[in-house]
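I have placed the structure first, in the form of structure tokens, so that the comments after it can refer back to it.
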4 protein chains.
Amino acid sequence: MRQRRRILSAAEKLFDERGIDRTTMAEVISASELRPSTMYQYFANKDEIVWAILSEVLEEAAARAKKSVEGATNGLAKITALLQYMADELSKNQPRIRFMAQFDAMYARDWPTERLLTLEGQIHDQGFKAFRKLIREGIADGSLRPDLDPDLTLHAVINAVIAAQRRLASLGKKVELEYGQSIDRMFRETIRIIVFGLRAGEHANTADSCPRVKAHRATTRKRT
Amino acid sequence: MRQRRRILSAAEKLFDERGIDRTTMAEVISASELRPSTMYQYFANKDEIVWAILSEVLEEAAARAKKSVEGATNGLAKITALLQYMADELSKNQPRIRFMAQFDAMYARDWPTERLLTLEGQIHDQGFKAFRKLIREGIADGSLRPDLDPDLTLHAVINAVIAAQRRLASLGKKVELEYGQSIDRMFRETIRIIVFGLRAGEHANTADSCPRVKAHRATTRKRT
Amino acid sequence: MRQRRRILSAAEKLFDERGIDRTTMAEVISASELRPSTMYQYFANKDEIVWAILSEVLEEAAARAKKSVEGATNGLAKITALLQYMADELSKNQPRIRFMAQFDAMYARDWPTERLLTLEGQIHDQGFKAFRKLIREGIADGSLRPDLDPDLTLHAVINAVIAAQRRLASLGKKVELEYGQSIDRMFRETIRIIVFGLRAGEHANTADSCPRVKAHRATTRKRT
Amino acid sequence: MRQRRRILSAAEKLFDERGIDRTTMAEVISASELRPSTMYQYFANKDEIVWAILSEVLEEAAARAKKSVEGATNGLAKITALLQYMADELSKNQPRIRFMAQFDAMYARDWPTERLLTLEGQIHDQGFKAFRKLIREGIADGSLRPDLDPDLTLHAVINAVIAAQRRLASLGKKVELEYGQSIDRMFRETIRIIVFGLRAGEHANTADSCPRVKAHRATTRKRT
DNA sequence: AATGAATGAGACTTCATTCAT
DNA sequence: GATGAATGAAGTCTCATTCAT
């Protein structure tokens with residue numbers, strides 16, 4: 001429906017400009033140039049609008065993420081491509097990343113986990129299984145450090161990268177002022193470091209410097 | 001003033017339970033067991049309360065961060081100690097981290113950069129200069145990768161680690177449910193990876209795998 | 001019209017579940033699985049629906065009331081049969097009684113007397129004339145107290161019995177909880193008392209007038 | 001507080017004129033000549049106002065009911081006095097009775113039983129125990145029919161009388177038009193009949209003919 | 001006979017804050 | 001230093017109903 005789109009676009013804009021919490025329904029309504037009652041026929045409250053935008057954003061993001069990985073040949077390359085894609089998003093789709101950052105805050109407080117899981121389930125049929133597979137693949141093909149825990153590492157990396165990406169998008173200019181660096185460069189540097197950290201290398205005794213890693217004493221591989 | 005403390009404690013608790021935005025002055029007032037007019041003698045509005053809590057939190061955090069680095073001998077060790085300290089905070093002071101996460105969101109939108117910079121100036125006299133020095137130190141003593149950019153790397157790392165820490169603190173149980181991992185383990189794994197990424201190692205041609213690093217052509221070190 | 005029936009059934013159900021006042025047109029519409037505009041082709045507003053249901057209910061009730069009195073032979077027996085019928089209604093048709101109770105409330109406030117009188121006129125052609133006749137009959141045949149005022153008594157009795165019946169139907173479980181008695185038993189006791197109060201004293205065969213006494217043919221004992 | 005009284009008076013008046021359901025907060029507010037926000041300091045919503053009025057009405061009614069019974073000497077006299085009191089209420093306090101009638105309707109639908117029981121508990125310490133005692137007393141002193149069931153009869157009678165009283169108060173003029181009798185006369189006639197029905201007369205053991213009595217042995221009494 | 005879209009009018013609250021005492 | 005009372009301004013949502021097709 002045309003009106004639905006109108007509302008979503010207006011809302012998305014306002015949410016980015018003034019923040020989801022600070023945007024009132026009244027503002028969305030007047031920005032959509034509708035009568036209040038008309039608007040309420042399409043969305044019963046702000047949450048539903050947020051939800052609708054979220055679905056769209058996630059869907060698109062999932063599609064693009066998938067596509068970005070397609071060309072890559074080994075595990076590391078795939079992961080790198082994925083992170084690369086996230087950097088590109090930050091450059092080109094900052095508002096959407098900011099939206100996701102705001103969503104995180106709402107989700108943290110107000111929404112039950114199932115709700116998001118349901119949505120994610122609809123979108124990434126594979127979900128995190130694919131990620132886990134990536135790590136396993138990378139270890140097998142020798143492109144990733146062999147001491148990585150497939151169930152842990154990717155979650156840790158993804159969480160950190162998403163968090164960094166969203167934080168930079170949210171703080172935007174402020175971070176640039178504070179740190180004197182463009183957020184784009186900073187994020188790409190973050191990714192570079194992390195990729196280094198994942199990559200199989202010729203470390204002698206890597207494990208020692210690893211913070212508190214009692215359980216995983218990394219296997220050192222000698223080159224033959 | 002004892003009343004002041006009372007208000008701040010009540011507010012801090014409410015801010016964590018219900019979110020800063022969702023906490024009303026009325027709630028703070030009744031939780032402090034004061035009359036509205038009495039409260040307004042101490043704080044003119046919510047922002048001032050947030051600000052007061054922020055100062056406290058930052059001050060304490062800075063002190064502890066400083067202390068945590070004290071024993072370390074080389075650059076990498078110092079950085080590792082710093083990150084380590086952040087992991088400990090996540091374990092032991094989750095509510096405060098959540099407060100900082102919420103603050104980020106408010107800061108991103110409502111507060112001018114100078115206000116934070118002023119506060120930070122008061123607290124970290126050295127500010128980020130110290131960080132930059134850390135990286136230089138590490139490169140010099142051979143504990144860090146020589147291709148790191150002192151002005152860029154630490155900001156990138158700190159941003160990512162702070163972002164990851166706050167995200168995990170905010171999402172808490174939800175992340176654990178979604179990912180099936182404790183946030184503590186995840187965060188320590190993040191740090192491990194990043195430390196690996198910073199550490200000087202015997203990598204062959206690292207530059208090639210670096211995502212899109214057109215500008216910064218990392219110096220490749222040939223093994224001899 | 002099938003649609004008409006559908007609407008009325010849906011409305012009747014909702015009116016009983018949620019109350020007439022609290023039932024919105026929107027609810028009736030969606031329960032009828034119609035589009036708003038379609039519904040408005042059949043009924044212009046809620047009042048018309050209420051009115052239509054009322055007509056049905058009254059019509060059926062009148063028919064059954066009439067039938068119930070048919071077998072009775074003297075005045076008291078007729079009255080008893082009528083009250084008996086009301087008790088049976090309470091047992092078997094609670095929702096309809098509740099509807100009438102709700103109608104009373106609306107009628108008390110919003111509808112002009114003529115409207116109901118018109119409807120009643122259509123249904124009980126005899127109306128209250130029949131009732132008055134009953135009392136006269138009963139006095140004449142010696143089954144009722146001779147000091148009853150035909151114009152007053154029956155109205156008083158009917159009003160009380162209807163009121164009690166509707167109140168019990170409306171309060172239902174609540175009354176049972178409060179009073180610890182089933183509404184059915186309570187209502188039948190009310191009727192018993194009232195019948196006693198109407199009955200001529202020094203009766204020879206009191207038993208005949210006892211409600212529900214089809215089976216029990218009371219043994220009359222002759223004076224010795 | 002003065003404002004509280006103002007609100008309650010305004011509300012009581014409006015509730016009677018336009019019905020509780022049809023009265024909007026806005027109306028109560030403007031009738032009280034307050035600002036909306038001021039009003040909401042005293043009552044959070046309509047229910048609370050209704051509840052406050054209800055408490056008052058019940059309290060006063062209980063006090064008066066108690067007083068009315070005081071002079072009576074035997075069981076029947078007490079009951080008669082009680083019913084008499086109800087008739088007087090109908091004559092003099094119609095609006096309050098109408099309020100109770102409206103309350104019944106709300107209570108039937110929206111309020112949990114406990115809420116009312118709590119209130120009643122606070123008011124009639126004796127509650128229904130006293131009523132039951134009245135019946136026992138009356139049977140013992142020979143003023144009431146010996147076949148009455150103390151646990152059942154009074155509830156049945158009270159329910160019917162309350163119901164009749166409230167119905168007449170609610171329908172007011174409409175009943176007078178329909179029935180051609182003043183509601184006052186009608187209600188007193190109702191009471192008269194019921195008192196006849198309760199009174200020990202020259203009936204022998206009429207109890208046997210009571211509905212649902214399986215072994216109905218109607219004994220005819222000896223005339224003296 | 002049916003429908004999809006639209007809407008005017010208004011109800012119910014909430015909340016930060018002030019001010020006279 | 002404390003308090004009780006008051007309020008302006010705004011926000012969210014509901015609902016009966018219409019109208020062009």
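Chain labels follow the order of the structure tokens: the first chain is A, the next B, and so on; residue numbering restarts at 1 in every chain, and ligands are counted from 1 in their shown order.
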7 Å contacts from chain D to chain F using only C-alpha atoms (C1' of nucleotides), as an MDAnalysis selection string: chainID D and resid 35 37:38
With N, CA and C atoms retained, export the selected residues as a PDB file, in the first residue's frame.
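Result written to selection_25.pdb:
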```
ATOM      1  N   ARG D  35      -8.209  22.004  36.367  1.00  0.00           N
ATOM      2  CA  ARG D  35      -7.413  21.673  35.204  1.00  0.00           C
ATOM      3  C   ARG D  35      -7.274  20.157  35.202  1.00  0.00           C
ATOM      4  N   SER D  37      -4.883  18.134  34.790  1.00  0.00           N
ATOM      5  CA  SER D  37      -3.782  17.578  35.557  1.00  0.00           C
ATOM      6  C   SER D  37      -4.040  17.648  37.060  1.00  0.00           C
ATOM      7  N   THR D  38      -4.740  18.682  37.485  1.00  0.00           N
ATOM      8  CA  THR D  38      -5.049  18.791  38.909  1.00  0.00           C
ATOM      9  C   THR D  38      -5.960  17.643  39.330  1.00  0.00           C
TER      10      THR D  38
END
```
Members of range 10-205 of chain D assigned alpha helix (DSSP H) by DSSP, as a ChimeraX atom specification: /D:10-18,25-32,36-42,46-69,75-92,94-109,113-123,128-140,150-179,183-198
Can you spit out the residues from that selection as a compact mmCIF listing (two decimals), in the first residue's frame, using C-alpha atoms?
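Contents of result.txt, freshly written:
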```txt
# COMPACT_ATOMS: atom_id res chain seq x y z
CA ALA D 10 -19.53 16.94 40.48
CA ALA D 11 -19.06 13.34 39.50
CA GLU D 12 -22.01 12.10 41.52
CA LYS D 13 -24.24 14.63 39.87
CA LEU D 14 -23.03 13.80 36.37
CA PHE D 15 -23.15 10.07 36.97
CA ASP D 16 -26.78 10.39 37.89
CA GLU D 17 -27.69 12.71 35.05
CA ARG D 18 -25.87 11.03 32.22
CA MET D 25 -13.48 12.44 32.60
CA ALA D 26 -13.48 15.67 30.67
CA GLU D 27 -16.98 16.37 31.88
CA VAL D 28 -16.14 15.65 35.47
CA ILE D 29 -13.11 17.86 35.14
CA SER D 30 -14.93 20.80 33.70
CA ALA D 31 -17.78 20.42 36.16
CA SER D 32 -15.25 20.50 38.98
CA PRO D 36 -7.13 18.09 33.96
CA SER D 37 -3.78 17.58 35.56
CA THR D 38 -5.05 18.79 38.91
CA MET D 39 -7.88 16.34 38.83
CA TYR D 40 -5.58 13.45 38.04
CA GLN D 41 -3.71 14.18 41.22
CA TYR D 42 -6.75 13.16 43.16
CA LYS D 46 -13.03 7.06 36.65
CA ASP D 47 -13.05 3.79 38.51
CA GLU D 48 -11.39 5.40 41.47
CA ILE D 49 -14.04 8.06 41.58
CA VAL D 50 -16.79 5.49 41.34
CA TRP D 51 -15.13 3.54 44.07
CA ALA D 52 -14.86 6.54 46.33
CA ILE D 53 -18.51 7.40 45.87
CA LEU D 54 -19.48 3.81 46.41
CA SER D 55 -17.65 3.70 49.73
CA GLU D 56 -19.42 6.77 50.94
CA VAL D 57 -22.81 5.59 49.81
CA LEU D 58 -22.39 2.17 51.33
CA GLU D 59 -21.11 3.54 54.56
CA GLU D 60 -23.99 5.93 55.01
CA ALA D 61 -26.50 3.32 53.96
CA ALA D 62 -25.13 0.80 56.43
CA ALA D 63 -25.33 3.30 59.23
CA ARG D 64 -28.89 4.20 58.44
CA ALA D 65 -29.95 0.62 57.95
CA LYS D 66 -28.58 -0.26 61.36
CA LYS D 67 -30.37 2.61 62.98
CA SER D 68 -33.65 1.74 61.32
CA VAL D 69 -33.70 -1.70 62.88
CA GLY D 75 -37.55 -10.86 64.15
CA LEU D 76 -40.35 -9.98 61.81
CA ALA D 77 -40.44 -6.43 63.10
CA LYS D 78 -36.74 -6.07 62.43
CA ILE D 79 -37.03 -7.37 58.94
CA THR D 80 -40.04 -5.20 58.31
CA ALA D 81 -38.13 -2.22 59.62
CA LEU D 82 -35.25 -3.01 57.33
CA LEU D 83 -37.49 -3.22 54.29
CA GLN D 84 -39.30 -0.14 55.41
CA TYR D 85 -35.99 1.63 55.53
CA MET D 86 -35.34 0.60 51.97
CA ALA D 87 -38.65 2.03 50.91
CA ASP D 88 -37.78 5.29 52.62
CA GLU D 89 -34.48 5.37 50.82
CA LEU D 90 -36.26 4.99 47.52
CA SER D 91 -38.48 7.93 48.39
CA LYS D 92 -35.77 10.20 49.68
CA GLN D 94 -33.38 8.08 44.66
CA PRO D 95 -30.15 9.33 43.11
CA ARG D 96 -28.07 7.22 45.45
CA ILE D 97 -30.12 4.16 44.72
CA ARG D 98 -29.66 4.82 41.04
CA PHE D 99 -25.96 5.07 41.66
CA MET D 100 -26.01 1.68 43.28
CA ALA D 101 -27.97 0.32 40.37
CA GLN D 102 -25.34 1.56 37.99
CA PHE D 103 -22.65 0.20 40.18
CA ASP D 104 -24.28 -3.23 40.02
CA ALA D 105 -23.95 -3.16 36.28
CA MET D 106 -20.28 -2.22 36.41
CA TYR D 107 -19.57 -4.65 39.16
CA ALA D 108 -21.25 -7.42 37.21
CA ARG D 109 -18.80 -6.90 34.39
CA THR D 113 -15.68 -9.95 43.60
CA GLU D 114 -12.94 -9.54 46.16
CA ARG D 115 -12.92 -5.83 45.69
CA LEU D 116 -16.50 -5.48 46.77
CA LEU D 117 -16.22 -8.04 49.49
CA THR D 118 -13.29 -6.14 50.92
CA LEU D 119 -15.29 -2.97 51.00
CA GLU D 120 -18.34 -4.67 52.44
CA GLY D 121 -16.13 -6.31 55.02
CA GLN D 122 -14.95 -2.91 56.13
CA ILE D 123 -18.47 -1.62 56.43
CA PHE D 128 -24.76 -11.20 56.48
CA LYS D 129 -24.34 -12.97 59.72
CA ALA D 130 -26.67 -10.46 61.26
CA PHE D 131 -29.28 -11.17 58.62
CA ARG D 132 -29.14 -14.84 59.19
CA LYS D 133 -29.54 -14.22 62.88
CA LEU D 134 -32.62 -12.12 62.19
CA ILE D 135 -34.34 -15.01 60.49
CA ARG D 136 -33.43 -17.44 63.24
CA GLU D 137 -34.68 -14.99 65.81
CA GLY D 138 -37.92 -14.54 63.95
CA ILE D 139 -38.52 -18.25 63.69
CA ALA D 140 -37.74 -18.69 67.35
CA PRO D 150 -31.96 -18.95 57.46
CA ASP D 151 -29.12 -19.31 54.98
CA LEU D 152 -31.30 -18.99 51.95
CA THR D 153 -34.35 -16.93 52.70
CA LEU D 154 -32.80 -13.70 53.68
CA HIS D 155 -30.45 -13.66 50.76
CA ALA D 156 -33.35 -14.36 48.48
CA VAL D 157 -35.46 -11.63 50.03
CA ILE D 158 -32.68 -9.07 50.21
CA ASN D 159 -31.69 -9.71 46.63
CA ALA D 160 -35.23 -9.32 45.41
CA VAL D 161 -35.89 -6.20 47.41
CA ILE D 162 -32.62 -4.57 46.44
CA ALA D 163 -33.20 -5.49 42.84
CA ALA D 164 -36.72 -4.12 42.86
CA GLN D 165 -35.66 -0.97 44.61
CA ARG D 166 -32.83 -0.28 42.18
CA ARG D 167 -34.89 -1.12 39.16
CA LEU D 168 -37.62 1.25 40.20
CA ALA D 169 -35.13 3.99 40.95
CA SER D 170 -33.46 3.53 37.60
CA LEU D 171 -36.55 3.35 35.51
CA GLY D 172 -38.25 6.06 37.51
CA LYS D 173 -40.71 8.01 35.45
CA LYS D 174 -40.66 5.39 32.75
CA VAL D 175 -42.06 2.76 35.05
CA GLU D 176 -44.66 5.15 36.28
CA LEU D 177 -45.71 5.81 32.74
CA GLU D 178 -45.68 2.19 31.76
CA TYR D 179 -47.42 0.88 34.82
CA ILE D 183 -42.77 3.76 42.09
CA ASP D 184 -43.10 4.47 45.74
CA ARG D 185 -46.46 2.77 46.00
CA MET D 186 -45.26 -0.12 43.91
CA PHE D 187 -42.24 -0.71 46.04
CA ARG D 188 -44.21 -0.56 49.28
CA GLU D 189 -46.65 -3.05 47.83
CA THR D 190 -43.78 -5.35 46.92
CA ILE D 191 -42.58 -5.19 50.49
CA ARG D 192 -46.03 -5.80 51.84
CA ILE D 193 -46.38 -8.96 49.79
CA ILE D 194 -42.99 -10.22 50.81
CA VAL D 195 -43.63 -9.57 54.45
CA PHE D 196 -46.86 -11.51 54.13
CA GLY D 197 -44.87 -14.29 52.59
CA LEU D 198 -42.44 -14.39 55.47
```
Per residue of chain E within 10 Å of chain B, which atom pair is closest and at what distance in Å (one decimal), using only C-alpha atoms (C1' of nucleotides), listed by chain and increasing number, as a Markdown table?
```
| residue | atom | partner | partner_atom | distance |
| --- | --- | --- | --- | --- |
| E:DT14 | C1' | B:Thr24 | CA | 9.8 |
| E:DC15 | C1' | B:Thr24 | CA | 7.5 |
| E:DA16 | C1' | B:Met25 | CA | 7.3 |
| E:DT17 | C1' | B:Tyr40 | CA | 8.6 |
| E:DT18 | C1' | B:Ser37 | CA | 8.7 |
| E:DC19 | C1' | B:Ser37 | CA | 9.8 |
```
CA of Gly142 in chain D to CA of Ser143 in chain C, straight-line distance in Å: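 Computed distance, CA of Ser143 in chain C to CA of Gly142 in chain D, equals 25.1 Å.
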Of the listed residues D:Phe43, D:Met1, D:Asp147, D:Ile7, that which approaches chain C most closely, counting only C-alpha atoms: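 Using only C-alpha atoms, chain C sits closest to D:Asp147.
CA of Leu144 in chain B lies 4.5 Å from CA of Arg199 in chain B.
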Å distance separating CA of Thr23 in chain A from CA of Pro112 in chain A, one decimal place: 22.2 Å
